[in-house]
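Dumped work-v9.cif below, it's mmCIF, C-alpha atoms and all ligand atoms:
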```cif
data_structure
loop_
_atom_site.group_PDB
_atom_site.id
_atom_site.type_symbol
_atom_site.label_atom_id
_atom_site.label_comp_id
_atom_site.auth_asym_id
_atom_site.auth_seq_id
_atom_site.Cartn_x
_atom_site.Cartn_y
_atom_site.Cartn_z
ATOM 1 C CA MET H 15 8.240 32.190 -20.871
ATOM 2 C CA ASN H 16 6.264 30.263 -18.294
ATOM 3 C CA ARG H 17 7.399 26.665 -18.591
ATOM 4 C CA PRO H 18 5.814 23.813 -16.632
ATOM 5 C CA PRO H 19 8.187 22.360 -13.980
ATOM 6 C CA THR H 20 10.247 19.334 -14.942
ATOM 7 C CA LEU H 21 9.448 16.460 -12.654
ATOM 8 C CA VAL H 22 11.701 13.501 -11.980
ATOM 9 C CA GLU H 23 10.275 10.206 -10.821
ATOM 10 C CA TYR H 24 12.290 6.988 -10.464
ATOM 11 C CA GLY H 25 15.291 8.915 -11.825
ATOM 12 C CA ILE H 26 13.536 9.773 -15.106
ATOM 13 C CA ALA H 27 12.043 13.118 -16.270
ATOM 14 C CA ILE H 28 8.269 12.794 -16.559
ATOM 15 C CA ASP H 29 5.428 14.840 -17.991
ATOM 16 C CA PRO H 30 3.596 16.499 -15.025
ATOM 17 C CA ASP H 31 0.269 15.774 -16.739
ATOM 18 C CA SER H 32 0.965 12.051 -16.450
ATOM 19 C CA MET H 33 0.470 12.412 -12.669
ATOM 20 C CA VAL H 34 -3.073 13.720 -13.024
ATOM 21 C CA THR H 35 -4.381 12.082 -16.182
ATOM 22 C CA PRO H 36 -5.995 8.752 -15.406
ATOM 23 C CA HIS H 37 -5.328 5.775 -17.626
ATOM 24 C CA ASP H 38 -6.807 2.332 -17.316
ATOM 25 C CA THR H 39 -5.853 -1.203 -18.203
ATOM 26 C CA ALA H 40 -8.997 -3.139 -18.899
ATOM 27 C CA GLY H 41 -7.279 -6.454 -19.683
ATOM 28 C CA PHE H 42 -5.370 -8.889 -17.479
ATOM 29 C CA GLU H 43 -1.683 -9.438 -18.217
ATOM 30 C CA LEU H 44 1.279 -10.789 -16.226
ATOM 31 C CA GLU H 45 4.474 -8.786 -16.484
ATOM 32 C CA ALA H 46 7.452 -10.131 -18.440
ATOM 33 C CA ASP H 47 9.387 -11.859 -15.613
ATOM 34 C CA HIS H 48 6.393 -13.033 -13.575
ATOM 35 C CA PRO H 49 6.916 -16.522 -12.035
ATOM 36 C CA GLY H 50 3.378 -17.515 -13.106
ATOM 37 C CA LEU H 51 4.063 -17.107 -16.819
ATOM 38 C CA GLY H 52 3.527 -20.411 -18.618
ATOM 39 C CA ASP H 53 1.336 -21.835 -15.823
ATOM 40 C CA ALA H 54 -2.071 -22.107 -17.515
ATOM 41 C CA GLY H 55 -3.930 -22.957 -14.296
ATOM 42 C CA TYR H 56 -2.500 -19.942 -12.474
ATOM 43 C CA ILE H 57 -3.260 -17.626 -15.379
ATOM 44 C CA ALA H 58 -6.863 -18.875 -15.624
ATOM 45 C CA ARG H 59 -7.352 -18.328 -11.877
ATOM 46 C CA ARG H 60 -5.849 -14.834 -12.067
ATOM 47 C CA LYS H 61 -8.102 -13.955 -15.017
ATOM 48 C CA PHE H 62 -11.163 -15.143 -13.115
ATOM 49 C CA LEU H 63 -10.233 -13.083 -10.034
ATOM 50 C CA PHE H 64 -9.335 -10.092 -12.228
ATOM 51 C CA ASP H 65 -12.771 -10.126 -13.836
ATOM 52 C CA ILE H 66 -14.865 -10.517 -10.699
ATOM 53 C CA THR H 67 -12.900 -7.982 -8.637
ATOM 54 C CA ARG H 68 -12.828 -5.408 -11.449
ATOM 55 C CA THR H 69 -16.573 -5.797 -11.966
ATOM 56 C CA ALA H 70 -17.187 -5.380 -8.222
ATOM 57 C CA ARG H 71 -14.904 -2.317 -8.061
ATOM 58 C CA LEU H 72 -16.599 -0.559 -10.957
ATOM 59 C CA ALA H 73 -20.010 -1.314 -9.451
ATOM 60 C CA LYS H 74 -18.762 -0.007 -6.055
ATOM 61 C CA GLU H 75 -19.611 -3.318 -4.398
ATOM 62 C CA PRO H 76 -17.756 -4.821 -1.411
ATOM 63 C CA PRO H 77 -14.978 -7.392 -2.013
ATOM 64 C CA PRO H 78 -16.539 -10.585 -3.449
ATOM 65 C CA LEU H 79 -16.526 -13.655 -1.196
ATOM 66 C CA ILE H 80 -13.845 -15.972 -2.566
ATOM 67 C CA GLU H 81 -13.591 -19.726 -2.264
ATOM 68 C CA TYR H 82 -9.835 -20.049 -2.009
ATOM 69 C CA THR H 83 -8.143 -23.053 -3.598
ATOM 70 C CA ASP H 84 -5.978 -25.579 -1.732
ATOM 71 C CA GLU H 85 -2.905 -24.140 -3.459
ATOM 72 C CA GLU H 86 -3.761 -20.583 -2.358
ATOM 73 C CA THR H 87 -4.292 -21.780 1.205
ATOM 74 C CA ARG H 88 -0.970 -23.651 1.062
ATOM 75 C CA ILE H 89 0.841 -20.448 0.031
ATOM 76 C CA TRP H 90 -0.881 -18.442 2.775
ATOM 77 C CA ARG H 91 0.082 -21.077 5.385
ATOM 78 C CA GLU H 92 3.662 -21.104 4.221
ATOM 79 C CA VAL H 93 4.202 -17.349 4.079
ATOM 80 C CA THR H 94 2.202 -15.846 6.957
ATOM 81 C CA PRO H 95 3.831 -17.680 9.931
ATOM 82 C CA LYS H 96 7.264 -16.546 8.746
ATOM 83 C CA LEU H 97 6.100 -12.960 8.365
ATOM 84 C CA ASP H 98 4.286 -13.122 11.732
ATOM 85 C CA GLU H 99 7.549 -14.104 13.407
ATOM 86 C CA LEU H 100 9.306 -11.050 11.950
ATOM 87 C CA HIS H 101 6.338 -8.814 12.781
ATOM 88 C CA ALA H 102 6.359 -9.917 16.434
ATOM 89 C CA LYS H 103 9.925 -8.636 16.717
ATOM 90 C CA HIS H 104 9.926 -5.586 14.478
ATOM 91 C CA ALA H 105 6.420 -4.291 13.710
ATOM 92 C CA SER H 106 4.826 -1.254 15.346
ATOM 93 C CA GLU H 107 2.695 -2.030 18.414
ATOM 94 C CA ILE H 108 -0.237 -0.217 16.745
ATOM 95 C CA TYR H 109 0.022 -2.648 13.835
ATOM 96 C CA LEU H 110 0.325 -5.750 16.041
ATOM 97 C CA LYS H 111 -2.674 -4.769 18.165
ATOM 98 C CA ALA H 112 -4.783 -4.124 15.052
ATOM 99 C CA LYS H 113 -3.804 -7.461 13.504
ATOM 100 C CA ARG H 114 -4.902 -9.247 16.683
ATOM 101 C CA GLU H 115 -8.192 -7.354 16.760
ATOM 102 C CA LEU H 116 -8.881 -8.241 13.133
ATOM 103 C CA ALA H 117 -8.036 -11.896 13.906
ATOM 104 C CA ILE H 118 -5.932 -12.285 10.775
ATOM 105 C CA GLY H 119 -4.616 -15.808 11.325
ATOM 106 C CA GLU H 120 -2.037 -18.121 9.816
ATOM 107 C CA ARG H 121 -4.365 -20.999 8.852
ATOM 108 C CA GLU H 122 -7.222 -19.554 6.810
ATOM 109 C CA ILE H 123 -7.161 -16.771 4.236
ATOM 110 C CA PRO H 124 -9.500 -14.092 5.580
ATOM 111 C CA GLN H 125 -12.464 -12.848 3.609
ATOM 112 C CA LEU H 126 -11.801 -9.204 2.829
ATOM 113 C CA ARG H 127 -15.504 -8.461 3.069
ATOM 114 C CA THR H 128 -15.471 -9.453 6.758
ATOM 115 C CA LEU H 129 -12.361 -7.354 7.444
ATOM 116 C CA SER H 130 -13.941 -4.456 5.607
ATOM 117 C CA GLU H 131 -17.058 -4.563 7.805
ATOM 118 C CA ARG H 132 -14.900 -4.524 10.931
ATOM 119 C CA LEU H 133 -12.879 -1.533 9.669
ATOM 120 C CA THR H 134 -16.058 0.359 8.902
ATOM 121 C CA ARG H 135 -17.233 -0.072 12.489
ATOM 122 C CA GLU H 136 -13.864 1.067 13.848
ATOM 123 C CA THR H 137 -12.690 3.951 11.618
ATOM 124 C CA ALA H 138 -15.360 4.321 8.895
ATOM 125 C CA MET H 139 -12.894 2.943 6.336
ATOM 126 C CA HIS H 140 -13.766 0.096 3.980
ATOM 127 C CA LEU H 141 -11.921 -2.195 1.582
ATOM 128 C CA ALA H 142 -12.567 -1.739 -2.117
ATOM 129 C CA PRO H 143 -11.934 -4.716 -4.408
ATOM 130 C CA ALA H 144 -9.055 -4.162 -6.855
ATOM 131 C CA GLU H 145 -8.082 -6.315 -9.806
ATOM 132 C CA GLY H 146 -4.424 -5.283 -9.443
ATOM 133 C CA ALA H 147 -2.360 -2.142 -8.999
ATOM 134 C CA LEU H 148 -4.633 0.755 -9.974
ATOM 135 C CA PRO H 149 -3.671 3.976 -11.815
ATOM 136 C CA TYR H 150 -2.710 6.688 -9.254
ATOM 137 C CA ARG H 151 -5.747 8.822 -9.806
ATOM 138 C CA THR H 152 -8.176 5.901 -9.517
ATOM 139 C CA PHE H 153 -6.375 4.741 -6.368
ATOM 140 C CA TYR H 154 -6.473 8.204 -4.792
ATOM 141 C CA GLU H 155 -10.127 8.736 -5.667
ATOM 142 C CA SER H 156 -10.952 5.486 -3.915
ATOM 143 C CA ILE H 157 -9.094 6.355 -0.706
ATOM 144 C CA ALA H 158 -10.586 9.872 -0.802
ATOM 145 C CA GLY H 159 -13.940 8.076 -0.433
ATOM 146 C CA ARG H 160 -12.470 6.034 2.485
ATOM 147 C CA GLY H 161 -12.172 2.857 0.384
ATOM 148 C CA PHE H 162 -8.737 1.258 0.423
ATOM 149 C CA PRO H 163 -8.209 -0.852 -2.736
ATOM 150 C CA VAL H 164 -7.152 -4.430 -1.984
ATOM 151 C CA THR H 165 -6.303 -7.323 -4.278
ATOM 152 C CA GLN H 166 -7.714 -10.820 -3.790
ATOM 153 C CA PHE H 167 -5.218 -12.929 -5.725
ATOM 154 C CA LEU H 168 -2.146 -14.670 -4.355
ATOM 155 C CA ARG H 169 1.406 -14.808 -5.661
ATOM 156 C CA HIS H 170 2.627 -17.833 -7.641
ATOM 157 C CA GLY H 171 3.364 -20.950 -5.574
ATOM 158 C CA SER H 172 6.807 -21.547 -7.072
ATOM 159 C CA HIS H 173 8.195 -18.531 -5.175
ATOM 160 C CA PRO H 174 5.975 -18.035 -2.116
ATOM 161 C CA GLU H 175 8.372 -15.510 -0.603
ATOM 162 C CA PHE H 176 8.387 -13.288 -3.665
ATOM 163 C CA THR H 177 5.846 -11.309 -5.652
ATOM 164 C CA PRO H 178 6.618 -8.798 -8.388
ATOM 165 C CA GLU H 179 3.282 -7.032 -7.781
ATOM 166 C CA PRO H 180 1.182 -6.166 -4.715
ATOM 167 C CA ASP H 181 -0.917 -9.266 -3.950
ATOM 168 C CA MET H 182 -3.320 -10.171 -1.177
ATOM 169 C CA ILE H 183 -0.518 -11.022 1.256
ATOM 170 C CA HIS H 184 0.949 -7.532 0.750
ATOM 171 C CA ASP H 185 -2.430 -5.850 1.069
ATOM 172 C CA CYS H 186 -3.922 -7.945 3.831
ATOM 173 C CA LEU H 187 -0.857 -8.235 6.064
ATOM 174 C CA GLY H 188 0.635 -4.864 5.163
ATOM 175 C CA HIS H 189 -2.110 -2.337 4.526
ATOM 176 C CA VAL H 190 -5.222 -3.576 6.270
ATOM 177 C CA PRO H 191 -4.267 -3.616 10.005
ATOM 178 C CA PRO H 192 -3.153 0.045 10.314
ATOM 179 C CA LEU H 193 -6.538 1.094 8.881
ATOM 180 C CA MET H 194 -7.887 0.318 12.372
ATOM 181 C CA ASN H 195 -6.040 3.404 13.673
ATOM 182 C CA ARG H 196 -7.946 6.673 13.501
ATOM 183 C CA ASP H 197 -4.972 8.954 12.767
ATOM 184 C CA TYR H 198 -3.744 6.587 10.059
ATOM 185 C CA ALA H 199 -7.216 6.397 8.495
ATOM 186 C CA GLU H 200 -7.523 10.200 8.411
ATOM 187 C CA LEU H 201 -3.980 10.568 7.048
ATOM 188 C CA LEU H 202 -4.738 8.175 4.230
ATOM 189 C CA THR H 203 -8.085 9.753 3.396
ATOM 190 C CA LEU H 204 -6.515 13.203 3.232
ATOM 191 C CA ILE H 205 -3.750 11.976 0.896
ATOM 192 C CA GLY H 206 -6.507 10.629 -1.345
ATOM 193 C CA LYS H 207 -8.620 13.778 -1.227
ATOM 194 C CA ALA H 208 -5.679 16.098 -1.910
ATOM 195 C CA ALA H 209 -4.214 13.982 -4.725
ATOM 196 C CA ALA H 210 -7.600 13.501 -6.359
ATOM 197 C CA THR H 211 -8.374 17.245 -6.141
ATOM 198 C CA THR H 212 -5.245 19.047 -7.292
ATOM 199 C CA PRO H 213 -4.782 19.635 -11.031
ATOM 200 C CA ASN H 214 -1.024 20.106 -10.379
ATOM 201 C CA GLY H 215 1.181 17.095 -11.245
ATOM 202 C CA GLU H 216 3.968 18.310 -8.960
ATOM 203 C CA HIS H 217 1.588 18.296 -5.990
ATOM 204 C CA VAL H 218 0.544 14.731 -6.797
ATOM 205 C CA LEU H 219 4.193 13.682 -6.914
ATOM 206 C CA MET H 220 4.817 15.266 -3.491
ATOM 207 C CA LEU H 221 1.798 13.501 -2.016
ATOM 208 C CA LYS H 222 2.873 10.234 -3.608
ATOM 209 C CA ARG H 223 6.290 10.531 -1.984
ATOM 210 C CA PHE H 224 4.733 11.432 1.367
ATOM 211 C CA SER H 225 2.672 8.274 1.045
ATOM 212 C CA TRP H 226 5.591 6.119 -0.151
ATOM 213 C CA PHE H 227 7.825 7.044 2.784
ATOM 214 C CA SER H 228 5.038 6.548 5.332
ATOM 215 C CA ILE H 229 2.193 4.247 4.238
ATOM 216 C CA GLU H 230 4.465 1.985 2.141
ATOM 217 C CA PHE H 231 7.947 2.271 3.656
ATOM 218 C CA GLY H 232 7.511 4.123 6.927
ATOM 219 C CA LEU H 233 9.363 3.502 10.177
ATOM 220 C CA ILE H 234 8.063 4.743 13.535
ATOM 221 C CA GLN H 235 9.609 5.540 16.889
ATOM 222 C CA GLU H 236 7.977 3.617 19.736
ATOM 223 C CA ARG H 237 9.243 3.651 23.317
ATOM 224 C CA GLY H 238 12.801 4.414 22.293
ATOM 225 C CA GLU H 239 12.878 1.795 19.535
ATOM 226 C CA VAL H 240 12.481 2.053 15.768
ATOM 227 C CA LYS H 241 9.654 -0.156 14.489
ATOM 228 C CA VAL H 242 8.120 -0.856 11.100
ATOM 229 C CA PHE H 243 4.653 0.187 9.926
ATOM 230 C CA GLY H 244 5.004 0.574 6.122
ATOM 231 C CA ALA H 245 3.127 -2.114 4.165
ATOM 232 C CA GLY H 246 5.938 -2.590 1.643
ATOM 233 C CA ILE H 247 8.301 -3.473 4.477
ATOM 234 C CA LEU H 248 5.848 -5.562 6.511
ATOM 235 C CA SER H 249 5.036 -7.829 3.561
ATOM 236 C CA SER H 250 8.662 -8.470 2.565
ATOM 237 C CA PHE H 251 11.056 -10.905 4.284
ATOM 238 C CA GLY H 252 14.044 -8.962 2.999
ATOM 239 C CA GLU H 253 12.884 -5.388 3.656
ATOM 240 C CA ILE H 254 12.108 -5.899 7.372
ATOM 241 C CA PRO H 255 15.704 -6.492 8.534
ATOM 242 C CA HIS H 256 17.098 -4.348 5.708
ATOM 243 C CA SER H 257 15.032 -1.270 6.663
ATOM 244 C CA LEU H 258 16.046 -1.475 10.311
ATOM 245 C CA PHE H 259 19.619 -2.702 10.257
ATOM 246 C CA SER H 260 21.285 -2.590 6.829
ATOM 247 C CA PRO H 261 24.355 -0.318 6.708
ATOM 248 C CA SER H 262 23.540 0.388 3.047
ATOM 249 C CA ALA H 263 20.262 2.121 4.006
ATOM 250 C CA THR H 264 19.793 5.557 5.602
ATOM 251 C CA ARG H 265 17.289 6.209 8.421
ATOM 252 C CA ARG H 266 16.468 9.861 8.975
ATOM 253 C CA PRO H 267 13.799 11.682 10.970
ATOM 254 C CA PHE H 268 10.611 12.271 8.942
ATOM 255 C CA VAL H 269 10.965 15.897 7.807
ATOM 256 C CA THR H 270 8.215 16.673 5.303
ATOM 257 C CA ASP H 271 10.277 19.043 3.150
ATOM 258 C CA ASN H 272 12.937 16.354 2.702
ATOM 259 C CA VAL H 273 10.438 13.550 2.125
ATOM 260 C CA ILE H 274 8.547 15.316 -0.676
ATOM 261 C CA ARG H 275 11.815 15.952 -2.543
ATOM 262 C CA GLN H 276 13.167 12.423 -2.154
ATOM 263 C CA ASP H 277 13.005 10.280 -5.285
ATOM 264 C CA TYR H 278 13.020 6.469 -4.985
ATOM 265 C CA ASP H 279 13.200 3.323 -7.069
ATOM 266 C CA PRO H 280 10.293 0.942 -6.453
ATOM 267 C CA SER H 281 11.959 -1.942 -8.302
ATOM 268 C CA HIS H 282 14.845 -2.388 -5.816
ATOM 269 C CA MET H 283 15.392 -2.702 -2.079
ATOM 270 C CA GLN H 284 14.886 0.770 -0.629
ATOM 271 C CA VAL H 285 17.855 2.872 0.460
ATOM 272 C CA ASP H 286 16.108 5.833 2.121
ATOM 273 C CA PHE H 287 13.879 5.436 5.155
ATOM 274 C CA PHE H 288 12.248 8.082 7.337
ATOM 275 C CA ILE H 289 11.286 7.631 10.984
ATOM 276 C CA ALA H 290 8.045 9.283 12.125
ATOM 277 C CA PRO H 291 7.407 9.953 15.820
ATOM 278 C CA SER H 292 3.706 8.954 15.535
ATOM 279 C CA PHE H 293 0.727 8.644 13.199
ATOM 280 C CA ALA H 294 -0.706 11.819 14.759
ATOM 281 C CA PHE H 295 2.483 13.651 13.733
ATOM 282 C CA LEU H 296 2.165 12.404 10.144
ATOM 283 C CA ARG H 297 -1.468 13.418 10.024
ATOM 284 C CA SER H 298 -0.701 16.947 11.193
ATOM 285 C CA GLU H 299 2.320 17.250 8.852
ATOM 286 C CA LEU H 300 0.126 16.261 5.937
ATOM 287 C CA GLN H 301 -2.584 18.741 6.919
ATOM 288 C CA GLY H 302 0.117 21.451 6.940
ATOM 289 C CA LEU H 303 1.441 20.402 3.535
ATOM 290 C CA VAL H 304 -1.995 20.336 1.904
ATOM 291 C CA LYS H 305 -2.684 23.816 3.290
ATOM 292 C CA ARG H 306 0.703 25.123 2.115
ATOM 293 C CA LEU H 307 0.095 23.780 -1.390
ATOM 294 C CA GLY H 308 -3.275 25.538 -1.420
ATOM 295 C CA ILE H 309 -5.235 22.389 -2.237
ATOM 296 C CA ALA H 310 -8.879 22.966 -1.303
ATOM 297 C CA VAL H 311 -10.153 19.721 0.182
ATOM 298 C CA SER H 312 -13.564 19.313 1.787
HETATM 299 FE FE FE S 401 1.194 -1.135 -1.079
#
```

Will you turn the file into structure tokens for me?
Amino acid sequence: MNRPPTLVEYGIAIDPDSMVTPHDTAGFELEADHPGLGDAGYIARRKFLFDITRTARLAKEPPPLIEYTDEETRIWREVTPKLDELHAKHASEIYLKAKRELAIGEREIPQLRTLSERLTRETAMHLAPAEGALPYRTFYESIAGRGFPVTQFLRHGSHPEFTPEPDMIHDCLGHVPPLMNRDYAELLTLIGKAAATTPNGEHVLMLKRFSWFSIEFGLIQERGEVKVFGAGILSSFGEIPHSLFSPSATRRPFVTDNVIRQDYDPSHMQVDFFIAPSFAFLRSELQGLVKRLGIAVS
């Protein structure tokens, strides 16, 4: 009998179809342990931003211009200088150069629309407004069309160094700068095209892991040193030193066949990291993988 493969994600067996069937959450909701629960002002602000960014995304419009509140600016000014200090020491040179070119500063929250226009001139990428974390398929379809989904809300002010969900600090300081690099932009677009094209859930899982261990939690070798370029690391005070120095984490060379078989747990500090020699290497590895899987991308 020809049985579909059993897939394991986050340590749990999953239905392969769940990787390719889109679902959508049309309503705004904070998760159970969110620090903003019970704060009516925060919830009202989040609902407002959810509605306008979702509407803009569905209409394929650029990120709306946002008038940020004093509290949002306070959070930005508290968090970004501390992250900048860690980035100066540990982030990839490609990332640092891109952040300077984009003029993402510590005082004012940037308008994503302005950053998007700059990216378009540089690598033909753009930023697509997102109301929150999007379903895989929706996310991949957006990056296949060279639009990286970005949120426009900030974490709750009671815990400025923590967010249980990707917020604008994660997206803007983690994901946006590397989009200025051509190899990175092509790598990302190809992940999107391949994942949005294949009807095979196992392929999507492999591509998701490739993306997780590079785009989100990737390390890179630069002039004899290991540096950080993954957005999940760059936007977390704890993950930056942990990824590079913790004895409880492993750091192995990025070998595609190992990466696509490596499960992970997104709810905890990461234990497995892979070091890529360059973005060009990742791009060519991904091209090889997509070819090997027989995914016909245009
Ligand atoms: Fe992310």

Considering only C-alpha atoms and all ligand atoms, tabulate each residue of chain H that lies at most 12 Å from ligand FE 401 (chain S) along with its nearest interatomic pair and the corresponding distance in Å to one decimal; arrange the rows by chain and ascending residue number and present them as JSON lines.
```
{"residue": "H:Gly146", "atom": "CA", "partner": "S:FE401", "partner_atom": "FE", "distance": 10.9}
{"residue": "H:Ala147", "atom": "CA", "partner": "S:FE401", "partner_atom": "FE", "distance": 8.7}
{"residue": "H:Leu148", "atom": "CA", "partner": "S:FE401", "partner_atom": "FE", "distance": 10.8}
{"residue": "H:Tyr150", "atom": "CA", "partner": "S:FE401", "partner_atom": "FE", "distance": 12.0}
{"residue": "H:Phe153", "atom": "CA", "partner": "S:FE401", "partner_atom": "FE", "distance": 10.9}
{"residue": "H:Phe162", "atom": "CA", "partner": "S:FE401", "partner_atom": "FE", "distance": 10.3}
{"residue": "H:Pro163", "atom": "CA", "partner": "S:FE401", "partner_atom": "FE", "distance": 9.6}
{"residue": "H:Val164", "atom": "CA", "partner": "S:FE401", "partner_atom": "FE", "distance": 9.0}
{"residue": "H:Thr165", "atom": "CA", "partner": "S:FE401", "partner_atom": "FE", "distance": 10.2}
{"residue": "H:Pro178", "atom": "CA", "partner": "S:FE401", "partner_atom": "FE", "distance": 11.9}
{"residue": "H:Glu179", "atom": "CA", "partner": "S:FE401", "partner_atom": "FE", "distance": 9.2}
{"residue": "H:Pro180", "atom": "CA", "partner": "S:FE401", "partner_atom": "FE", "distance": 6.2}
{"residue": "H:Asp181", "atom": "CA", "partner": "S:FE401", "partner_atom": "FE", "distance": 8.9}
{"residue": "H:Met182", "atom": "CA", "partner": "S:FE401", "partner_atom": "FE", "distance": 10.1}
{"residue": "H:Ile183", "atom": "CA", "partner": "S:FE401", "partner_atom": "FE", "distance": 10.3}
{"residue": "H:His184", "atom": "CA", "partner": "S:FE401", "partner_atom": "FE", "distance": 6.7}
{"residue": "H:Asp185", "atom": "CA", "partner": "S:FE401", "partner_atom": "FE", "distance": 6.3}
{"residue": "H:Cys186", "atom": "CA", "partner": "S:FE401", "partner_atom": "FE", "distance": 9.8}
{"residue": "H:Leu187", "atom": "CA", "partner": "S:FE401", "partner_atom": "FE", "distance": 10.3}
{"residue": "H:Gly188", "atom": "CA", "partner": "S:FE401", "partner_atom": "FE", "distance": 7.3}
{"residue": "H:His189", "atom": "CA", "partner": "S:FE401", "partner_atom": "FE", "distance": 6.6}
{"residue": "H:Val190", "atom": "CA", "partner": "S:FE401", "partner_atom": "FE", "distance": 10.1}
{"residue": "H:Lys222", "atom": "CA", "partner": "S:FE401", "partner_atom": "FE", "distance": 11.8}
{"residue": "H:Ser225", "atom": "CA", "partner": "S:FE401", "partner_atom": "FE", "distance": 9.8}
{"residue": "H:Trp226", "atom": "CA", "partner": "S:FE401", "partner_atom": "FE", "distance": 8.5}
{"residue": "H:Phe227", "atom": "CA", "partner": "S:FE401", "partner_atom": "FE", "distance": 11.2}
{"residue": "H:Ser228", "atom": "CA", "partner": "S:FE401", "partner_atom": "FE", "distance": 10.7}
{"residue": "H:Ile229", "atom": "CA", "partner": "S:FE401", "partner_atom": "FE", "distance": 7.6}
{"residue": "H:Glu230", "atom": "CA", "partner": "S:FE401", "partner_atom": "FE", "distance": 5.5}
{"residue": "H:Phe231", "atom": "CA", "partner": "S:FE401", "partner_atom": "FE", "distance": 8.9}
{"residue": "H:Gly232", "atom": "CA", "partner": "S:FE401", "partner_atom": "FE", "distance": 11.5}
{"residue": "H:Phe243", "atom": "CA", "partner": "S:FE401", "partner_atom": "FE", "distance": 11.6}
{"residue": "H:Gly244", "atom": "CA", "partner": "S:FE401", "partner_atom": "FE", "distance": 8.3}
{"residue": "H:Ala245", "atom": "CA", "partner": "S:FE401", "partner_atom": "FE", "distance": 5.7}
{"residue": "H:Gly246", "atom": "CA", "partner": "S:FE401", "partner_atom": "FE", "distance": 5.7}
{"residue": "H:Ile247", "atom": "CA", "partner": "S:FE401", "partner_atom": "FE", "distance": 9.3}
{"residue": "H:Leu248", "atom": "CA", "partner": "S:FE401", "partner_atom": "FE", "distance": 9.9}
{"residue": "H:Ser249", "atom": "CA", "partner": "S:FE401", "partner_atom": "FE", "distance": 9.0}
{"residue": "H:Ser250", "atom": "CA", "partner": "S:FE401", "partner_atom": "FE", "distance": 11.1}
{"residue": "H:Pro280", "atom": "CA", "partner": "S:FE401", "partner_atom": "FE", "distance": 10.8}
```

### Message
Show me the residues close to (8.8, 16.0, -13.9) - anything with an atom within 12 Å, counting only C-alpha atoms - and format the list as a list in words.
### Response
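Output: Arg17, Pro18, Pro19, Thr20, Leu21, Val22, Glu23, Tyr24, Gly25, Ile26, Ala27, Ile28, Asp29, Pro30, Asp31, Ser32, Met33, Asn214, Gly215, Glu216, His217, Val218, Leu219, Met220, Arg275 and Asp277 of chain H.
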
### Task
Write out as a list in words the residues lying within 7 Å of segment 288-293 of chain H, counting only C-alpha atoms and excluding same-chain residues fewer than 3 positions away.
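Non-adjacent residues within range: Asp197, Tyr198, Phe227, Gly232, Leu233, Ile234, Gln235, Arg265, Arg266, Pro267, Phe268, Leu296 and Arg297 of chain H.
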
#### Entry: For Leu129 of chain H, the nearest of the candidates H:Met283, H:Pro174, H:Leu79, H:Phe259, counting all atoms listed in the file
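Once distances to Leu129 of chain H are computed over all atoms listed in the file, the minimum belongs to H:Leu79.
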
### Message
Which residues are close to Ala199 of chain H, i.e. within 9 Å by only C-alpha atoms, leaving aside same-chain residues fewer than 3 positions away? Reply as a PyMOL selection string.
### Response
chain H and resi 137-139+160+192-196+202-204

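The residue set within 12 Å of segment 83-88 of chain H, counting all atoms listed in the file and dropping same-chain residues fewer than 5 places from it, reads H:Gly55, H:Tyr56, H:Arg59, H:Arg60, H:Val93, H:Thr94, H:Pro95, H:Gly119, H:Glu120, H:Arg121, H:Glu122, H:Ile123, H:Pro124, H:Gln166, H:Phe167, H:Leu168, H:Arg169, H:His170, H:Gly171, H:Ser172, H:Pro174, H:Asp181, H:Met182, H:Ile183.
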
### Query
So which residues touch Gln284 of chain H within 9 Å, counting all atoms listed in the file, skipping near sequence neighbours fewer than 6 positions away, as a ChimeraX atom specification?
/H:231,253,256-257,263,278

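As for atom CA of Thr270 of chain H and atom CA of Phe295 of chain H, they are spaced 10.6 Å apart.
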
#### Entry: Nearest-residue call for Lys113 of chain H, choices H:Ala70, H:Ile254, H:Val269, H:Leu133, using all atoms listed in the file
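Nearest to Lys113 of chain H: H:Leu133.
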
### Task
Just the residues within 9 Å of Pro191 of chain H, please, counting all atoms listed in the file, with nothing from its chain fewer than 5 positions along; format it as JSON, numbers by chain.
{"H": [108, 109, 110, 111, 112, 113, 114, 115, 116, 118, 133, 186]}

### Task
Using all atoms listed in the file, find the one residue out of H:Leu258, H:Leu221, H:Leu201, H:Leu51 that sits nearest to His104 of chain H.
H:Leu258

### Interatomic distance, atom CA of Phe224 of chain H to atom CA of Thr128 of chain H (Å, one decimal)
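Separation of atom CA of Phe224 of chain H and atom CA of Thr128 of chain H: 29.6 Å.
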
### Message
I need the output of the PyMOL selection byres (((chain H and resi 105) around 6) and not hetatm) for this file as a ChimeraX atom specification; which residues are they?
### Response
/H:101,104,106,241-242

#### Entry: Atomic separation - atom CA of Gly206 of chain H relative to atom CA of Ile80 of chain H, Å
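Separation between atom CA of Ile80 of chain H and atom CA of Gly206 of chain H: 27.6 Å.
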
Can you report as AutoDock Vina command-line options the centre and edge lengths in Å, to one decimal, of an axis-aligned box around the listed atoms of segment 133-151 of chain H padded with 3 Å on each side?
```
--center_x -9.8 --center_y 1.3 --center_z 1.0 --size_x 20.9 --size_y 21.1 --size_z 31.7
```

#### Entry: Sphere at (-5.2, -2.4, -14.0), radius 10 Å, counting all atoms listed in the file: residues as a PyMOL selection string
chain H and resi 37-43+64+68+144-149+152

### Nearest residue to Leu141 of chain H from the set H:Glu200, H:Glu99, H:Glu75, H:Glu81 (distances using all atoms listed in the file)
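Answer, going by the shortest atom-to-atom distance: H:Glu75.
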
### Query
Which one is closest to Asp47 of chain H: H:Ile157, H:Arg127, H:Val273, H:Thr177? Count only C-alpha atoms.
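Answer, going by the shortest atom-to-atom distance: H:Thr177.
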
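When all atoms listed in the file are used to measure the gap to Ala210 of chain H, the shortest distance among H:Ile66, H:Val311, H:Leu44, H:Ile89 belongs to H:Val311.
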